[in-house]
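Student: Below you'll find query-v5.csv; it's CSV, C-alpha atoms and all ligand atoms.
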chain,number,residue,atom,x,y,z
A,1052,MET,CA,-211.2,-98.6,-51.8
A,1053,ALA,CA,-208.9,-97.0,-49.4
A,1054,LEU,CA,-206.0,-94.6,-49.5
A,1055,ARG,CA,-202.7,-96.1,-48.6
A,1056,ASN,CA,-199.7,-94.2,-47.1
A,1057,ILE,CA,-197.0,-93.5,-49.6
A,1058,LEU,CA,-193.6,-94.4,-48.1
A,1059,ARG,CA,-190.9,-91.7,-48.1
A,1060,ASP,CA,-187.4,-92.3,-49.5
A,1061,THR,CA,-186.0,-92.7,-45.9
A,1062,ASP,CA,-187.9,-96.0,-45.7
A,1063,LYS,CA,-185.6,-99.0,-46.5
A,1064,THR,CA,-188.6,-100.9,-48.0
A,1065,LEU,CA,-188.1,-98.8,-51.2
A,1066,LEU,CA,-184.6,-100.3,-51.6
A,1067,LYS,CA,-185.8,-103.9,-51.6
A,1068,LYS,CA,-186.6,-106.1,-54.6
A,1069,SER,CA,-190.3,-107.0,-55.0
A,1070,ARG,CA,-191.5,-110.5,-55.5
A,1071,VAL,CA,-193.3,-111.9,-58.6
A,1072,ILE,CA,-197.1,-112.1,-58.3
A,1073,THR,CA,-198.6,-115.5,-58.8
A,1074,ASP,CA,-202.0,-115.2,-57.2
A,1075,PHE,CA,-204.4,-112.9,-59.1
A,1076,ASN,CA,-206.9,-112.9,-56.3
A,1077,LYS,CA,-209.2,-110.6,-54.4
A,1078,ARG,CA,-206.3,-109.4,-52.3
A,1079,LEU,CA,-204.4,-108.2,-55.4
A,1080,HIS,CA,-207.5,-106.5,-56.7
A,1081,VAL,CA,-208.0,-104.6,-53.4
A,1082,LEU,CA,-204.3,-103.6,-53.5
A,1083,LEU,CA,-204.7,-102.3,-57.1
A,1084,ASP,CA,-207.9,-100.4,-56.3
A,1085,ASP,CA,-206.3,-98.8,-53.3
A,1086,MET,CA,-203.2,-97.9,-55.4
A,1087,ARG,CA,-205.5,-96.3,-58.0
A,1088,GLU,CA,-207.2,-94.2,-55.4
A,1089,THR,CA,-203.9,-93.3,-53.8
A,1090,LEU,CA,-202.3,-92.3,-57.2
A,1091,ALA,CA,-205.3,-90.1,-58.1
A,1092,GLN,CA,-205.3,-88.4,-54.8
A,1093,ALA,CA,-201.5,-87.7,-55.0
A,1094,ASN,CA,-202.0,-86.5,-58.6
A,1095,GLY,CA,-199.1,-88.6,-59.9
A,1096,LEU,CA,-198.2,-90.3,-63.2
A,1097,GLY,CA,-197.3,-93.6,-61.6
A,1098,LEU,CA,-197.2,-95.7,-58.5
A,1099,ALA,CA,-195.4,-98.9,-57.6
A,1100,ALA,CA,-196.7,-101.4,-54.9
A,1101,PRO,CA,-193.5,-101.1,-52.8
A,1102,GLN,CA,-194.3,-97.4,-52.5
A,1103,VAL,CA,-197.3,-98.4,-50.4
A,1104,GLY,CA,-195.2,-100.9,-48.5
A,1105,VAL,CA,-196.2,-104.0,-50.5
A,1106,LEU,CA,-193.1,-105.8,-52.0
A,1107,ARG,CA,-194.9,-107.3,-55.0
A,1108,ARG,CA,-194.4,-106.6,-58.7
A,1109,ALA,CA,-197.3,-104.4,-59.5
A,1110,VAL,CA,-197.3,-100.9,-60.8
A,1111,LEU,CA,-199.7,-98.3,-62.1
A,1112,VAL,CA,-198.8,-95.9,-64.9
A,1113,VAL,CA,-200.9,-93.2,-66.5
A,1114,ASP,CA,-200.6,-93.7,-70.2
A,1115,ILE,CA,-200.7,-90.1,-71.5
A,1116,ASN,CA,-199.6,-90.9,-75.0
A,1117,ASP,CA,-203.1,-90.4,-76.5
A,1118,ILE,CA,-204.6,-88.0,-74.0
A,1119,ASP,CA,-205.3,-85.4,-76.6
A,1120,GLN,CA,-207.0,-87.8,-78.9
A,1121,ASP,CA,-210.0,-88.7,-76.8
A,1122,SER,CA,-212.0,-87.6,-73.9
A,1123,GLN,CA,-210.6,-90.0,-71.3
A,1124,THR,CA,-209.6,-88.5,-68.0
A,1125,LEU,CA,-206.2,-89.2,-66.5
A,1126,GLU,CA,-207.8,-91.6,-64.1
A,1127,GLU,CA,-209.3,-93.6,-67.0
A,1128,LYS,CA,-205.8,-93.7,-68.5
A,1129,VAL,CA,-204.3,-95.7,-65.6
A,1130,VAL,CA,-202.8,-99.0,-66.8
A,1131,GLU,CA,-202.3,-101.8,-64.3
A,1132,LEU,CA,-199.1,-103.8,-64.9
A,1133,ILE,CA,-198.4,-107.0,-63.0
A,1134,ASN,CA,-195.0,-108.5,-63.3
A,1135,PRO,CA,-193.9,-106.0,-65.9
A,1136,ARG,CA,-190.8,-106.5,-68.0
A,1137,ILE,CA,-189.1,-104.2,-70.5
A,1138,LEU,CA,-188.8,-106.1,-73.8
A,1139,ALA,CA,-187.3,-103.4,-76.0
A,1140,ARG,CA,-186.1,-99.8,-75.7
A,1141,SER,CA,-185.0,-97.3,-78.2
A,1142,GLY,CA,-183.8,-93.7,-78.4
A,1143,THR,CA,-183.0,-91.5,-75.4
A,1144,GLN,CA,-184.6,-88.6,-73.6
A,1145,SER,CA,-183.0,-86.5,-70.9
A,1146,GLY,CA,-185.4,-84.6,-68.7
A,1147,SER,CA,-186.6,-83.8,-65.2
A,1148,GLU,CA,-188.0,-86.6,-63.1
A,1149,GLY,CA,-189.7,-86.8,-59.7
A,1150,CYS,CA,-191.3,-89.3,-57.4
A,1151,LEU,CA,-194.2,-89.4,-55.0
A,1152,SER,CA,-191.9,-90.9,-52.4
A,1153,LEU,CA,-189.6,-87.8,-52.7
A,1154,PRO,CA,-191.8,-84.8,-52.7
A,1155,GLY,CA,-190.1,-81.7,-54.0
A,1156,VAL,CA,-187.0,-83.5,-55.3
A,1157,TYR,CA,-186.3,-83.5,-59.0
A,1158,GLY,CA,-183.4,-84.9,-61.0
A,1159,LEU,CA,-182.1,-84.9,-64.5
A,1160,VAL,CA,-182.5,-88.5,-65.7
A,1161,THR,CA,-181.8,-90.0,-69.1
A,1162,ARG,CA,-184.3,-92.7,-70.2
A,1163,PRO,CA,-185.2,-94.5,-73.4
A,1164,ASP,CA,-187.6,-92.5,-75.6
A,1165,LEU,CA,-189.6,-95.6,-76.5
A,1166,VAL,CA,-190.2,-98.8,-74.6
A,1167,LYS,CA,-192.1,-102.0,-75.1
A,1168,VAL,CA,-193.3,-103.7,-71.9
A,1169,ALA,CA,-194.8,-107.1,-71.3
A,1170,ALA,CA,-197.0,-107.5,-68.3
A,1171,GLN,CA,-200.1,-109.2,-67.0
A,1172,ASP,CA,-203.4,-107.7,-66.1
A,1173,ARG,CA,-205.2,-108.1,-62.7
A,1174,TYR,CA,-206.6,-111.5,-63.9
A,1175,GLY,CA,-203.2,-112.8,-65.0
A,1176,LYS,CA,-203.8,-112.3,-68.7
A,1177,PRO,CA,-200.6,-111.3,-70.6
A,1178,PHE,CA,-200.5,-108.1,-72.7
A,1179,GLU,CA,-197.9,-105.7,-74.2
A,1180,ILE,CA,-197.8,-102.0,-74.1
A,1181,TRP,CA,-195.7,-99.4,-75.9
A,1182,GLY,CA,-194.8,-96.2,-74.2
A,1183,LYS,CA,-193.1,-93.1,-75.6
A,1184,GLY,CA,-191.9,-89.9,-74.2
A,1185,LEU,CA,-193.3,-89.3,-70.7
A,1186,THR,CA,-195.1,-92.6,-70.6
A,1187,ALA,CA,-191.8,-94.4,-71.4
A,1188,ARG,CA,-190.2,-92.5,-68.6
A,1189,ALA,CA,-193.0,-93.4,-66.2
A,1190,LEU,CA,-192.8,-97.1,-67.1
A,1191,CYS,CA,-189.1,-97.2,-66.6
A,1192,HIS,CA,-189.3,-95.3,-63.3
A,1193,GLU,CA,-192.1,-97.5,-61.9
A,1194,ILE,CA,-190.5,-100.8,-63.0
A,1195,ASP,CA,-187.2,-99.6,-61.3
A,1196,HIS,CA,-189.1,-99.3,-58.1
A,1197,LEU,CA,-189.8,-103.1,-58.2
A,1198,ASP,CA,-186.0,-103.6,-58.1
A,1199,GLY,CA,-185.5,-101.2,-55.3
A,1200,ILE,CA,-184.1,-98.5,-57.6
A,1201,ILE,CA,-184.9,-94.9,-56.8
A,1202,PHE,CA,-184.5,-92.3,-59.6
A,1203,THR,CA,-182.0,-90.2,-57.7
A,1204,THR,CA,-179.4,-92.9,-58.0
A,1205,LEU,CA,-179.7,-92.6,-61.8
A,1206,ALA,CA,-179.8,-88.8,-62.0
A,1207,GLU,CA,-176.9,-87.0,-63.5
A,1208,ARG,CA,-177.7,-84.3,-61.0
A,1209,LEU,CA,-180.6,-82.9,-58.9
A,1210,LEU,CA,-182.5,-79.9,-60.2
A,1211,THR,CA,-183.7,-76.9,-58.4
A,1212,GLU,CA,-187.4,-76.0,-58.6
A,1213,GLU,CA,-186.5,-73.0,-60.7
A,1214,GLU,CA,-184.8,-75.3,-63.2
A,1215,VAL,CA,-187.8,-77.6,-63.3
A,1216,ASP,CA,-190.1,-74.6,-63.9
A,1217,ALA,CA,-187.9,-73.4,-66.7
A,1218,MET,CA,-187.8,-76.8,-68.3
A,1219,ASN,CA,-191.6,-77.1,-68.1
A,1220,ALA,CA,-192.0,-73.6,-69.6
A,1221,ALA,CA,-189.7,-74.7,-72.5
A,1222,ASP,CA,-191.8,-77.8,-73.0
A,1223,ASP,CA,-195.0,-75.6,-73.1
A,1224,GLU,CA,-193.4,-73.5,-75.8
A,1225,GLU,CA,-192.5,-76.5,-77.8
A,1226,TYR,CA,-196.1,-77.7,-77.5
A,1227,GLU,CA,-197.4,-74.3,-78.7
A,1228,GLU,CA,-195.2,-74.5,-81.7
A,1229,ASP,CA,-196.0,-78.1,-82.4
A,1230,SER,CA,-199.8,-77.8,-81.9
A,1231,GLY,CA,-200.2,-75.8,-85.0
A,1232,GLU,CA,-198.7,-78.6,-87.0
A,1233,GLY,CA,-200.6,-81.3,-85.2
A,1234,GLY,CA,-197.4,-82.5,-83.4
A,1235,ASP,CA,-197.1,-84.3,-80.1
A,1236,LEU,CA,-198.9,-83.0,-77.1
A,1237,ILE,CA,-196.4,-84.1,-74.5
A,1238,ARG,CA,-192.7,-83.9,-74.9
A,1239,GLU,CA,-190.0,-84.7,-72.5
B,1,NI,NI,-191.3,-93.1,-57.9
Please render this file's structure as structure tokens.

Tutor:
Amino acid sequence: MALRNILRDTDKTLLKKSRVITDFNKRLHVLLDDMRETLAQANGLGLAAPQVGVLRRAVLVVDINDIDQDSQTLEEKVVELINPRILARSGTQSGSEGCLSLPGVYGLVTRPDLVKVAAQDRYGKPFEIWGKGLTARALCHEIDHLDGIIFTTLAERLLTEEEVDAMNAADDEEYEEDSGEGGDLIRE
């Protein structure tokens, strides 16, 4: 495995549409392994192939939905999605969003609260995944990258770091209130 450079938003590659993957070969597996290492090192919740300069429809998303229910680490929660498509979406959530290609930039983005996504694994086998809350946000964000869409173009407005800190603090409070009742760990 090897670390790959994450492109910054000034790179025009990020504005291009990625191509469908038809060969589930060693080359793809090396790309996915490298993306896993790059994502872990960057401590992110998701990464799309175009962000490492490869215009192919592959993304990684950390599925944090059940992180409090077992002992898996974030790294073990990484889901590889090849040729992902959103099949269904419901509800809305409005919250802060960032991107590894735009360090220090945050925006207020409205996303579905729940999405159903169809994709293929690294061997080409089809599967479906549900994402809610932050995972739904991450799935939408990464799939957007495959169509050359950067979150800032969807943001109602950009947020200052103080605003992001305040929103995170509010989320923590919600968690403290919820945790006593066995509520959701992560809220958006
Ligand atoms: Ni991004």

Student: Do you know which residues are at most 8 Å from stretch 1100-1110 of chain A counting only C-alpha atoms, after dropping those on the same chain fewer than 2 positions away, and could you put them as a list of chain:residue names?

Tutor: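 Residues near the query, excluding close chain neighbours: A:Arg1055, A:Asn1056, A:Ile1057, A:Leu1058, A:Arg1059, A:Thr1064, A:Leu1065, A:Lys1067, A:Lys1068, A:Ser1069, A:Arg1070, A:Val1071, A:Ile1072, A:Met1086, A:Gly1097, A:Leu1098, A:Val1112, A:Glu1131, A:Leu1132, A:Ile1133, A:Asn1134, A:Pro1135, A:Ser1152, A:Glu1193, A:Ile1194, A:His1196, A:Leu1197.
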
Student: With C-alpha atoms retained, export the selected residues as a compact mmCIF listing (two decimals), keeping the file's coordinate frame.

Tutor:
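Listing of part.txt after writing:
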# COMPACT_ATOMS: atom_id res chain seq x y z
CA ARG A 1055 -202.70 -96.10 -48.60
CA ASN A 1056 -199.70 -94.20 -47.10
CA ILE A 1057 -197.00 -93.50 -49.60
CA LEU A 1058 -193.60 -94.40 -48.10
CA ARG A 1059 -190.90 -91.70 -48.10
CA THR A 1064 -188.60 -100.90 -48.00
CA LEU A 1065 -188.10 -98.80 -51.20
CA LYS A 1067 -185.80 -103.90 -51.60
CA LYS A 1068 -186.60 -106.10 -54.60
CA SER A 1069 -190.30 -107.00 -55.00
CA ARG A 1070 -191.50 -110.50 -55.50
CA VAL A 1071 -193.30 -111.90 -58.60
CA ILE A 1072 -197.10 -112.10 -58.30
CA MET A 1086 -203.20 -97.90 -55.40
CA GLY A 1097 -197.30 -93.60 -61.60
CA LEU A 1098 -197.20 -95.70 -58.50
CA VAL A 1112 -198.80 -95.90 -64.90
CA GLU A 1131 -202.30 -101.80 -64.30
CA LEU A 1132 -199.10 -103.80 -64.90
CA ILE A 1133 -198.40 -107.00 -63.00
CA ASN A 1134 -195.00 -108.50 -63.30
CA PRO A 1135 -193.90 -106.00 -65.90
CA SER A 1152 -191.90 -90.90 -52.40
CA GLU A 1193 -192.10 -97.50 -61.90
CA ILE A 1194 -190.50 -100.80 -63.00
CA HIS A 1196 -189.10 -99.30 -58.10
CA LEU A 1197 -189.80 -103.10 -58.20

Student: Return the single residue from A:Thr1124, A:Thr1203, A:Thr1061, A:Thr1186 that is closest to ligand NI 1 (chain B), with distances computed using only C-alpha atoms and all ligand atoms.

Tutor: A:Thr1203

Student: Mind checking which residues fall within 12 Å of A:Val1156, counting all atoms listed in the file, ignoring those fewer than 4 positions away in the same chain, and posting them as a list in words?

Tutor: Arg1059, Asp1060, Ser1147, Glu1148, Gly1149, Cys1150, Leu1151, Ser1152, Ile1201, Phe1202, Thr1203, Ala1206, Arg1208, Leu1209, Leu1210, Thr1211, Glu1212, Glu1213, Glu1214 and Val1215 of chain A

Student: Looking at all atoms listed in the file, which of A:Val1166, A:Ile1137, A:Met1218, A:Leu1190 is the one that sits closest to ligand NI 1 (chain B)?

Tutor: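 So, comparing all the options, the nearest one is A:Leu1190.
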
Student: Quick one: pull the distance between atom CA of A:Asp1084 and atom CA of A:Ala1053, Å, one decimal.

Tutor: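 Computing the Euclidean distance for atom CA of A:Asp1084 and atom CA of A:Ala1053 yields 7.8 Å.
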
Student: For A:Ile1115, which of A:Glu1224, A:Tyr1157, A:Asp1198, A:Ala1189 is the closest residue, counting only C-alpha atoms?

Tutor: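 For A:Ile1115, the nearest of the candidates is A:Ala1189.
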
Student: In Å, rounded to a single decimal, give me how far atom CA of A:Arg1188 is from atom NI of ligand NI 1 (chain B).

Tutor: 10.8 Å

Student: Between atom CA of A:Gln1171 and atom CA of A:Gln1092, what is the distance, to one decimal in Å?

Tutor: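 Atom-to-atom, atom CA of A:Gln1171 and atom CA of A:Gln1092 are spaced 24.7 Å apart.
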
Student: Could you add all heavy atoms to stretch 1196-1207 of chain A and give me the result as an mmCIF file, in the coordinates of the input?

Tutor:
data_model
loop_
_atom_site.group_PDB
_atom_site.id
_atom_site.type_symbol
_atom_site.label_atom_id
_atom_site.label_comp_id
_atom_site.auth_asym_id
_atom_site.auth_seq_id
_atom_site.Cartn_x
_atom_site.Cartn_y
_atom_site.Cartn_z
ATOM 1 N N HIS A 1196 -188.714 -99.204 -59.465
ATOM 2 C CA HIS A 1196 -189.100 -99.300 -58.100
ATOM 3 C C HIS A 1196 -189.216 -100.788 -57.619
ATOM 4 O O HIS A 1196 -188.951 -101.118 -56.467
ATOM 5 C CB HIS A 1196 -190.502 -98.678 -57.839
ATOM 6 C CG HIS A 1196 -190.456 -97.213 -57.501
ATOM 7 N ND1 HIS A 1196 -189.787 -96.721 -56.412
ATOM 8 C CD2 HIS A 1196 -191.017 -96.138 -58.102
ATOM 9 C CE1 HIS A 1196 -189.930 -95.393 -56.352
ATOM 10 N NE2 HIS A 1196 -190.672 -95.017 -57.372
ATOM 11 N N LEU A 1197 -189.595 -101.666 -58.566
ATOM 12 C CA LEU A 1197 -189.800 -103.100 -58.200
ATOM 13 C C LEU A 1197 -188.426 -103.762 -57.947
ATOM 14 O O LEU A 1197 -188.369 -104.830 -57.344
ATOM 15 C CB LEU A 1197 -190.501 -103.816 -59.349
ATOM 16 C CG LEU A 1197 -191.879 -103.254 -59.711
ATOM 17 C CD1 LEU A 1197 -192.515 -104.070 -60.820
ATOM 18 C CD2 LEU A 1197 -192.787 -103.211 -58.477
ATOM 19 N N ASP A 1198 -187.352 -103.109 -58.405
ATOM 20 C CA ASP A 1198 -186.000 -103.600 -58.100
ATOM 21 C C ASP A 1198 -185.288 -102.791 -57.091
ATOM 22 O O ASP A 1198 -184.064 -102.878 -56.955
ATOM 23 C CB ASP A 1198 -185.212 -103.703 -59.444
ATOM 24 C CG ASP A 1198 -185.797 -104.750 -60.395
ATOM 25 O OD1 ASP A 1198 -186.161 -105.840 -59.912
ATOM 26 O OD2 ASP A 1198 -185.916 -104.467 -61.598
ATOM 27 N N GLY A 1199 -186.036 -101.969 -56.393
ATOM 28 C CA GLY A 1199 -185.500 -101.200 -55.300
ATOM 29 C C GLY A 1199 -184.604 -100.007 -55.803
ATOM 30 O O GLY A 1199 -183.751 -99.509 -55.054
ATOM 31 N N ILE A 1200 -184.856 -99.584 -57.048
ATOM 32 C CA ILE A 1200 -184.100 -98.500 -57.600
ATOM 33 C C ILE A 1200 -184.841 -97.175 -57.554
ATOM 34 O O ILE A 1200 -185.964 -97.088 -58.071
ATOM 35 C CB ILE A 1200 -183.662 -98.802 -59.071
ATOM 36 C CG1 ILE A 1200 -182.805 -100.061 -59.122
ATOM 37 C CG2 ILE A 1200 -182.935 -97.613 -59.709
ATOM 38 C CD1 ILE A 1200 -182.628 -100.639 -60.514
ATOM 39 N N ILE A 1201 -184.256 -96.183 -56.923
ATOM 40 C CA ILE A 1201 -184.900 -94.900 -56.800
ATOM 41 C C ILE A 1201 -184.197 -93.943 -57.860
ATOM 42 O O ILE A 1201 -182.985 -94.033 -58.095
ATOM 43 C CB ILE A 1201 -184.606 -94.266 -55.403
ATOM 44 C CG1 ILE A 1201 -185.098 -95.235 -54.321
ATOM 45 C CG2 ILE A 1201 -185.268 -92.902 -55.253
ATOM 46 C CD1 ILE A 1201 -186.583 -95.416 -54.260
ATOM 47 N N PHE A 1202 -184.993 -93.066 -58.486
ATOM 48 C CA PHE A 1202 -184.500 -92.300 -59.600
ATOM 49 C C PHE A 1202 -183.271 -91.427 -59.282
ATOM 50 O O PHE A 1202 -182.450 -91.138 -60.146
ATOM 51 C CB PHE A 1202 -185.604 -91.424 -60.231
ATOM 52 C CG PHE A 1202 -185.864 -90.131 -59.496
ATOM 53 C CD1 PHE A 1202 -185.272 -88.949 -59.908
ATOM 54 C CD2 PHE A 1202 -186.678 -90.104 -58.375
ATOM 55 C CE1 PHE A 1202 -185.484 -87.761 -59.231
ATOM 56 C CE2 PHE A 1202 -186.900 -88.925 -57.687
ATOM 57 C CZ PHE A 1202 -186.309 -87.755 -58.108
ATOM 58 N N THR A 1203 -183.150 -91.042 -58.024
ATOM 59 C CA THR A 1203 -182.000 -90.200 -57.700
ATOM 60 C C THR A 1203 -180.677 -90.863 -57.860
ATOM 61 O O THR A 1203 -179.659 -90.209 -58.082
ATOM 62 C CB THR A 1203 -182.139 -89.686 -56.203
ATOM 63 O OG1 THR A 1203 -182.460 -90.811 -55.371
ATOM 64 C CG2 THR A 1203 -183.222 -88.632 -56.053
ATOM 65 N N THR A 1204 -180.687 -92.207 -57.793
ATOM 66 C CA THR A 1204 -179.400 -92.900 -58.000
ATOM 67 C C THR A 1204 -179.041 -92.959 -59.478
ATOM 68 O O THR A 1204 -177.906 -93.273 -59.819
ATOM 69 C CB THR A 1204 -179.512 -94.393 -57.483
ATOM 70 O OG1 THR A 1204 -180.501 -95.093 -58.249
ATOM 71 C CG2 THR A 1204 -179.880 -94.435 -56.016
ATOM 72 N N LEU A 1205 -179.989 -92.649 -60.360
ATOM 73 C CA LEU A 1205 -179.700 -92.600 -61.800
ATOM 74 C C LEU A 1205 -179.516 -91.205 -62.319
ATOM 75 O O LEU A 1205 -179.089 -91.012 -63.456
ATOM 76 C CB LEU A 1205 -180.912 -93.235 -62.574
ATOM 77 C CG LEU A 1205 -181.361 -94.645 -62.175
ATOM 78 C CD1 LEU A 1205 -182.623 -95.017 -62.935
ATOM 79 C CD2 LEU A 1205 -180.255 -95.655 -62.458
ATOM 80 N N ALA A 1206 -179.855 -90.217 -61.501
ATOM 81 C CA ALA A 1206 -179.800 -88.800 -62.000
ATOM 82 C C ALA A 1206 -178.416 -88.324 -62.164
ATOM 83 O O ALA A 1206 -177.527 -88.603 -61.356
ATOM 84 C CB ALA A 1206 -180.571 -87.937 -60.958
ATOM 85 N N GLU A 1207 -178.221 -87.617 -63.279
ATOM 86 C CA GLU A 1207 -176.900 -87.000 -63.500
ATOM 87 C C GLU A 1207 -176.690 -85.939 -62.411
ATOM 88 O O GLU A 1207 -175.597 -85.780 -61.905
ATOM 89 C CB GLU A 1207 -176.914 -86.271 -64.870
ATOM 90 C CG GLU A 1207 -176.828 -87.246 -66.028
ATOM 91 C CD GLU A 1207 -177.389 -86.647 -67.313
ATOM 92 O OE1 GLU A 1207 -177.039 -85.491 -67.628
ATOM 93 O OE2 GLU A 1207 -178.172 -87.344 -67.980
#
